[in-house]
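Colleague: Shown below is the structure under consideration.
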Amino acid sequence: MASRPRTLYEKIWDAHEVERREDGTSILFIDRHLVHEVTSPQAFEALRLSGRKVRRPELTLAVPDHNLPTTARIDAAGKRIPIADVESAQQLAALEKNAPEFGVRYIAPTDINQGIVHVVGPETGFSLPGATIVCGDSHTSCHGGVGALAFGIGTSEVEHVLATQTLLLKQSKTMEIRVEGDLLPGVTAKDLILHIIGVIGTAGGTGHVIEYRGKVFEEMSIESRLTVCNMSIEGGARAGLVAPDEKTFAYLKGREYAPRGEDWDHAVAWWTSLRTDEGATFDKSVVINAADVQPTVTWGTSPEDTVSIGGVVPAPESFADPSKQKAAQASLDYMGLTPGQKMTDIEVQNIFIGSCTNSRIEDLRAAAKVLEGRKKADNVKWAIVVPGSGLVKRQAEEEGLDRIFIEAGLEWREPGCSACLGMNPDKVPAGERCASTSNRNFVGRQGPGARTHLVSPAMAAAAAVTGRLTDVRELVD
Amino acid sequence: MEPVRQVEGRAYPFGMKNVDTDIIIPAHWLKTISRDGLGRGAFEALRKDPSNVFDREDVKGAPIIVAGDNFGCGSSREHAAWALLDMGVKAVIAPSFSDIFSGNAFKNGILTVVLPQEAIDRLMEVAETDPITIDLENQTVTTPFQDRFTFEIDSFRKHCLLEGLDEVGLTLARGDAISAYEARQAKDMPWFAKGTALAA
Ligand code: SF4
């Protein structure tokens, strides 16, 4: 029987449908579940109250990341340093207690494997191609970089997955983002995804799952694919993915939870079969010309407010939609910018290199390459580099990247979410600007009154050197 | 979850329109580890006013809120439903609700009753002095003064509330289908089934 050509997303969906109800909702099986300290306490509490168990404890992995301070975690005597913020400490203690109580594997803050959930998943091989992966955090779309169907969920759904290993869902529409041609030298995955969000807007992918297609993505490293998929949610799509290929398999092979032996061979065969079939159709299709993408930064308080580094702050009147005009004016007021101002004239006082978007080894190498032998500008008061995990940190230290950052005047921290959302002590002061490699430039995201400009790691490093937003291509070739 | 058949008692004559979830429970209450205790933060800003309805002696602890249009708009935080539950609220009556809030309320066994503005106006009056009865089975809201309003509710939600079924419970009832899937997966895709059990 010749079956209808299907997309990557449809194949993964079909392979996980337990059953479809009359109203079109399906029970979808979940292969991998990541939990962190912020969105899980009430889910575990609900299980406790109803006397329910975790159905498949081995399919959930618990890692603290959002609240953890990024300063030293153990003192000279090897003892754990207590966390000053009472509520943060409480959430962290709850996870540490809940995970073992329900038989879930827990990675302690001092463990070499600890890190941001979305960095830990792929690099431990917990996140696999073709898997359904969920986590109580919207940037779970990140894991699409290894070819998984991954999306964020709310606390009730966390409870549902823990108790049943499934979710009730309606199938999404499909969307293809095809990038034609090659990226210009000095243009990175972060620039590309910022550019894409600028083109499709923050609602462009609503109700859809995006598949990123084209030679650019095929040639990208896994780290870069994770960066692109991470920000799918900022384009309105709950999930985004890149088809798994030889690069994906090479990246995962031998990692802690990756299949071994015969299992591995069978897995690779199945993963290879997941590619979108010739002739499969998408509900929506967007084509981007790679040569149009310049190093890209944001000027406003929405991730769609992007402009190339050579551009200027736009005038609200330049937008056709009246509600966008209003939003743009509010953004400019909050950001303290005036239309026509050159992006490269904008001074920054803070630099944040980190977050699940850009804290992997490749990101740190890119930043270090710019900073090597240079110093941060005097007007940059606070500049921190926060590796995504203990493994990334160790690798960076083996390569001497930490020395480069420290000699340039940046701080080298312990892994966690940090200034991406300022739930821990790492915050940007009110009214000050931050060139940040994170994913959200929302009002108050990095601290009350903080002004965020989203950039790539290399661009953040360039801004650290000059003290203003800068085209990194002027510093390195 | 407790089955909901009838909610009967005094009601807060609240009446406010466009109550967003930030009004129901402000953001600084979100760093909690429990669903319990959030009642203390419920309507915190409004309760700074000593004449607020939620601290009025005669209605304190009421199981019903009568509110205005678009109740529960804004951020999707489930804490809003937990806060209401913790303050003892089992039902909210309003001309309309935000979709996300009514979904969260339903998941937590709170009944959201939609009635036209005229009915709300009348119930606001009654709530000042007398109790209100919501009968889910018959889909009616009645008062001691012969008022009788009927409301619509999704039949699936009605069934779940009447039987005290939560979504987790409903899915667990499909346990056999899930087990069958797991058995298939263990055979066809064993690499998925091992998870963290593979740790070195
Ligand atoms: S780094 Fe930021 S976006 Fe990523 S998981 Fe942490 S808080 Fe969420």
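Residues are referred to by chain and number: the chain letter is A, B, ... according to the order shown in the structure tokens, the number counts from 1 in that chain, and ligands are numbered separately from 1 in the order shown.
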Do you know which residues are within 9 Å of ligand 1 using only C-alpha atoms and all ligand atoms? Can you write them as a count of residues only?
Modeller: 32
Colleague: Define the interface residues of chain B facing chain A as those within 7 Å, counting only C-alpha atoms, and report them as a PDB file with N, CA and C atoms, in the first residue's frame.
Modeller:
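Contents of the output file out-v3.pdb:
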ATOM      1  N   LYS B  31       6.400  32.385  42.914  1.00  0.00           N
ATOM      2  CA  LYS B  31       7.592  31.614  43.298  1.00  0.00           C
ATOM      3  C   LYS B  31       7.271  30.681  44.464  1.00  0.00           C
ATOM      4  N   THR B  32       6.158  29.978  44.357  1.00  0.00           N
ATOM      5  CA  THR B  32       5.776  29.107  45.458  1.00  0.00           C
ATOM      6  C   THR B  32       5.996  27.660  45.065  1.00  0.00           C
ATOM      7  N   ILE B  33       5.869  26.778  46.016  1.00  0.00           N
ATOM      8  CA  ILE B  33       6.013  25.356  45.701  1.00  0.00           C
ATOM      9  C   ILE B  33       4.711  24.609  45.960  1.00  0.00           C
ATOM     10  N   SER B  34       3.673  25.331  46.335  1.00  0.00           N
ATOM     11  CA  SER B  34       2.434  24.653  46.699  1.00  0.00           C
ATOM     12  C   SER B  34       1.243  25.353  46.056  1.00  0.00           C
ATOM     13  N   ARG B  35       0.149  24.602  45.876  1.00  0.00           N
ATOM     14  CA  ARG B  35      -1.089  25.236  45.421  1.00  0.00           C
ATOM     15  C   ARG B  35      -1.792  25.869  46.604  1.00  0.00           C
ATOM     16  N   VAL B 168      -6.230  13.911  34.286  1.00  0.00           N
ATOM     17  CA  VAL B 168      -5.287  12.825  34.571  1.00  0.00           C
ATOM     18  C   VAL B 168      -6.069  11.532  34.806  1.00  0.00           C
ATOM     19  N   THR B 171      -7.341  10.102  31.543  1.00  0.00           N
ATOM     20  CA  THR B 171      -6.325   9.432  30.741  1.00  0.00           C
ATOM     21  C   THR B 171      -5.914   8.123  31.404  1.00  0.00           C
ATOM     22  N   LEU B 172      -5.831   8.135  32.735  1.00  0.00           N
ATOM     23  CA  LEU B 172      -5.469   6.891  33.429  1.00  0.00           C
ATOM     24  C   LEU B 172      -6.498   5.799  33.153  1.00  0.00           C
ATOM     25  N   ALA B 177      -4.743   1.136  26.842  1.00  0.00           N
ATOM     26  CA  ALA B 177      -4.256   1.600  25.543  1.00  0.00           C
ATOM     27  C   ALA B 177      -2.810   2.090  25.677  1.00  0.00           C
ATOM     28  N   ILE B 178      -2.526   2.757  26.782  1.00  0.00           N
ATOM     29  CA  ILE B 178      -1.156   3.248  26.978  1.00  0.00           C
ATOM     30  C   ILE B 178      -0.208   2.056  27.157  1.00  0.00           C
ATOM     31  N   TYR B 181       0.562   0.562  23.869  1.00  0.00           N
ATOM     32  CA  TYR B 181       1.546   1.359  23.137  1.00  0.00           C
ATOM     33  C   TYR B 181       2.946   1.076  23.668  1.00  0.00           C
ATOM     34  N   PRO B 190      13.110   0.013  21.120  1.00  0.00           N
ATOM     35  CA  PRO B 190      13.552  -0.210  22.501  1.00  0.00           C
ATOM     36  C   PRO B 190      14.457   0.914  23.009  1.00  0.00           C
ATOM     37  N   TRP B 191      15.105   1.618  22.099  1.00  0.00           N
ATOM     38  CA  TRP B 191      16.045   2.674  22.529  1.00  0.00           C
ATOM     39  C   TRP B 191      15.325   3.825  23.236  1.00  0.00           C
ATOM     40  N   PHE B 192      14.042   4.005  22.946  1.00  0.00           N
ATOM     41  CA  PHE B 192      13.294   5.063  23.628  1.00  0.00           C
ATOM     42  C   PHE B 192      12.912   4.641  25.047  1.00  0.00           C
ATOM     43  N   LYS B 194      14.350   2.970  27.367  1.00  0.00           N
ATOM     44  CA  LYS B 194      15.310   2.834  28.472  1.00  0.00           C
ATOM     45  C   LYS B 194      15.547   4.130  29.239  1.00  0.00           C
ATOM     46  N   GLY B 195      15.536   5.250  28.569  1.00  0.00           N
ATOM     47  CA  GLY B 195      15.673   6.538  29.249  1.00  0.00           C
ATOM     48  C   GLY B 195      16.892   6.631  30.144  1.00  0.00           C
ATOM     49  N   THR B 196      16.706   7.145  31.344  1.00  0.00           N
ATOM     50  CA  THR B 196      17.855   7.351  32.236  1.00  0.00           C
ATOM     51  C   THR B 196      18.359   6.040  32.831  1.00  0.00           C
ATOM     52  N   ALA B 197      17.611   4.939  32.597  1.00  0.00           N
ATOM     53  CA  ALA B 197      18.095   3.653  33.089  1.00  0.00           C
ATOM     54  C   ALA B 197      19.410   3.280  32.400  1.00  0.00           C
ATOM     55  N   LEU B 198      19.719   3.988  31.299  1.00  0.00           N
ATOM     56  CA  LEU B 198      20.951   3.720  30.550  1.00  0.00           C
ATOM     57  C   LEU B 198      22.185   4.364  31.165  1.00  0.00           C
ATOM     58  N   ALA B 199      22.009   5.113  32.243  1.00  0.00           N
ATOM     59  CA  ALA B 199      23.135   5.863  32.810  1.00  0.00           C
ATOM     60  C   ALA B 199      24.339   4.975  33.028  1.00  0.00           C
ATOM     61  N   ALA B 200      25.483   5.539  32.740  1.00  0.00           N
ATOM     62  CA  ALA B 200      26.732   4.783  32.874  1.00  0.00           C
ATOM     63  C   ALA B 200      27.029   4.524  34.352  1.00  0.00           C
TER      64      ALA B 200
END
Colleague: DSSP on the backbone: what in segment 2-177 of chain B comes out strand (DSSP E), as number ranges by chain?
Modeller: B: 6-9, 11-13, 64-66, 91-94, 111-114, 132-135, 140-142, 148-150
Colleague: Between atom CA of Pro69 of chain A and atom CA of Ala377 of chain A, what is the spacing in Å?
Modeller: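 It comes out at 25.8 Å.
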Colleague: Out of B:Asp86, B:Asp188, B:Asp154, B:Glu128, which residue has the shortest atom-to-atom distance to Pro63 of chain B when counting only C-alpha atoms?
Modeller: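 Among the listed residues, B:Asp86 lies closest to Pro63 of chain B.
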Colleague: Find the residues near segment 143-146 of chain B: any atom within 7 Å, counting only C-alpha atoms, skip ones fewer than 5 places away on the same chain, and give them as a compact mmCIF listing (two decimals) with C-alpha atoms, in the first residue's frame.
Modeller:
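Saved to result.txt:
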# COMPACT_ATOMS: atom_id res chain seq x y z
CA PRO B 131 -27.43 33.05 49.01
CA ILE B 132 -27.37 31.76 45.43
CA THR B 133 -27.69 28.17 44.24
Colleague: Using only C-alpha atoms, find the one residue out of B:Val141, B:Val4, B:Leu85, B:Ala11 that sits nearest to Val53 of chain B.
Modeller: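 Of the candidates, the smallest distance to Val53 of chain B is held by B:Ala11.
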Colleague: Ranking A:Leu332, A:Arg20, A:Val297, A:Val216 by minimum distance to Leu169 of chain A and counting only C-alpha atoms, which one comes first?
Modeller: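 The closest residue to Leu169 of chain A is A:Arg20.
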Colleague: For segment 362-368 of chain A, please output as a list in words all residues within 9 Å (counting only C-alpha atoms; exclusion window: fewer than 3 positions along the same chain).
Modeller: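 Non-adjacent residues within range: Ser221, Glu223, Ser224, Ile353, Gly354, Asn358, Ser359, Leu371, Glu372, Val385, Pro387, Val392, Ala396, Glu399, Leu401, Asp402, Ile404, Phe405, Ser456, Pro457, Ala458, Met459, Ala460, Ala461 and Ala462 of chain A.
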Colleague: Please compute the atom CA of Asn424 of chain A-atom CA of Asp85 of chain A distance, one decimal, in Å.
Modeller: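 Atom-to-atom, atom CA of Asn424 of chain A and atom CA of Asp85 of chain A are spaced 8.3 Å apart.
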Colleague: Skipping near chain neighbours, those fewer than 2 positions away, what residues fall within 6 Å of Asp69 of chain B using only C-alpha atoms, listed as a CSV table (one decimal) with N, CA, C and O atoms, in the first residue's frame?
Modeller:
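The resulting out-v7.csv:
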chain,number,residue,atom,x,y,z
B,17,LYS,N,-15.2,44.2,35.8
B,17,LYS,CA,-14.9,43.7,34.4
B,17,LYS,C,-13.4,43.5,34.2
B,17,LYS,O,-12.6,44.2,34.8
B,18,ASN,N,-13.1,42.7,33.2
B,18,ASN,CA,-11.7,42.5,32.7
B,18,ASN,C,-10.7,42.3,33.9
B,18,ASN,O,-9.7,42.9,34.0
B,71,PHE,N,-13.6,37.7,32.6
B,71,PHE,CA,-12.9,37.3,33.8
B,71,PHE,C,-11.7,36.4,33.5
B,71,PHE,O,-11.9,35.5,32.7
B,95,PRO,N,-20.4,37.2,32.7
B,95,PRO,CA,-20.9,37.3,31.3
B,95,PRO,C,-20.0,36.6,30.3
B,95,PRO,O,-20.4,36.0,29.3
B,96,SER,N,-18.6,36.6,30.6
B,96,SER,CA,-17.7,35.8,29.8
B,96,SER,C,-16.4,35.6,30.6
B,96,SER,O,-16.1,36.3,31.5
Colleague: From a backbone DSSP assignment, name each residue in segment 88-253 of chain A labelled alpha helix (DSSP H), as a VMD selection string.
Modeller: chain A and resid 88 to 101 117 to 123 155 to 164 189 to 200 215 to 219 222 to 230 246 to 252
Colleague: Using only C-alpha atoms, which protein or nucleic acid residues come within 12 Å of Asp477 of chain A? Drop anything in the same chain fewer than 6 positions from it, and give the result as a list of chain:residue names.
Modeller: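 Near Asp477 of chain A, the qualifying residues are A:Leu184, A:Pro185, A:Gly186, A:Val187, A:Lys369, A:Val370, A:Ala458, A:Asp471.
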Colleague: At what distance in Å, to one decimal, does atom CA of Ala383 of chain A lie from atom CA of Thr338 of chain A?
Modeller: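 It comes out at 25.5 Å.
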Colleague: If you count only C-alpha atoms, which residues fall within 12 Å of Phe101 of chain B, apart from same-chain ones fewer than 5 positions away, as a ChimeraX atom specification?
Modeller: /B:19-22,24,70-82,84,92,96,106-108,110-112
Colleague: With distances taken over only C-alpha atoms, which of B:Leu136, B:Ala173, B:Ala62, B:Ala67 is nearest to Glu152 of chain B?
Modeller: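 When distances to Glu152 of chain B are compared using only C-alpha atoms, the smallest one comes from B:Leu136.
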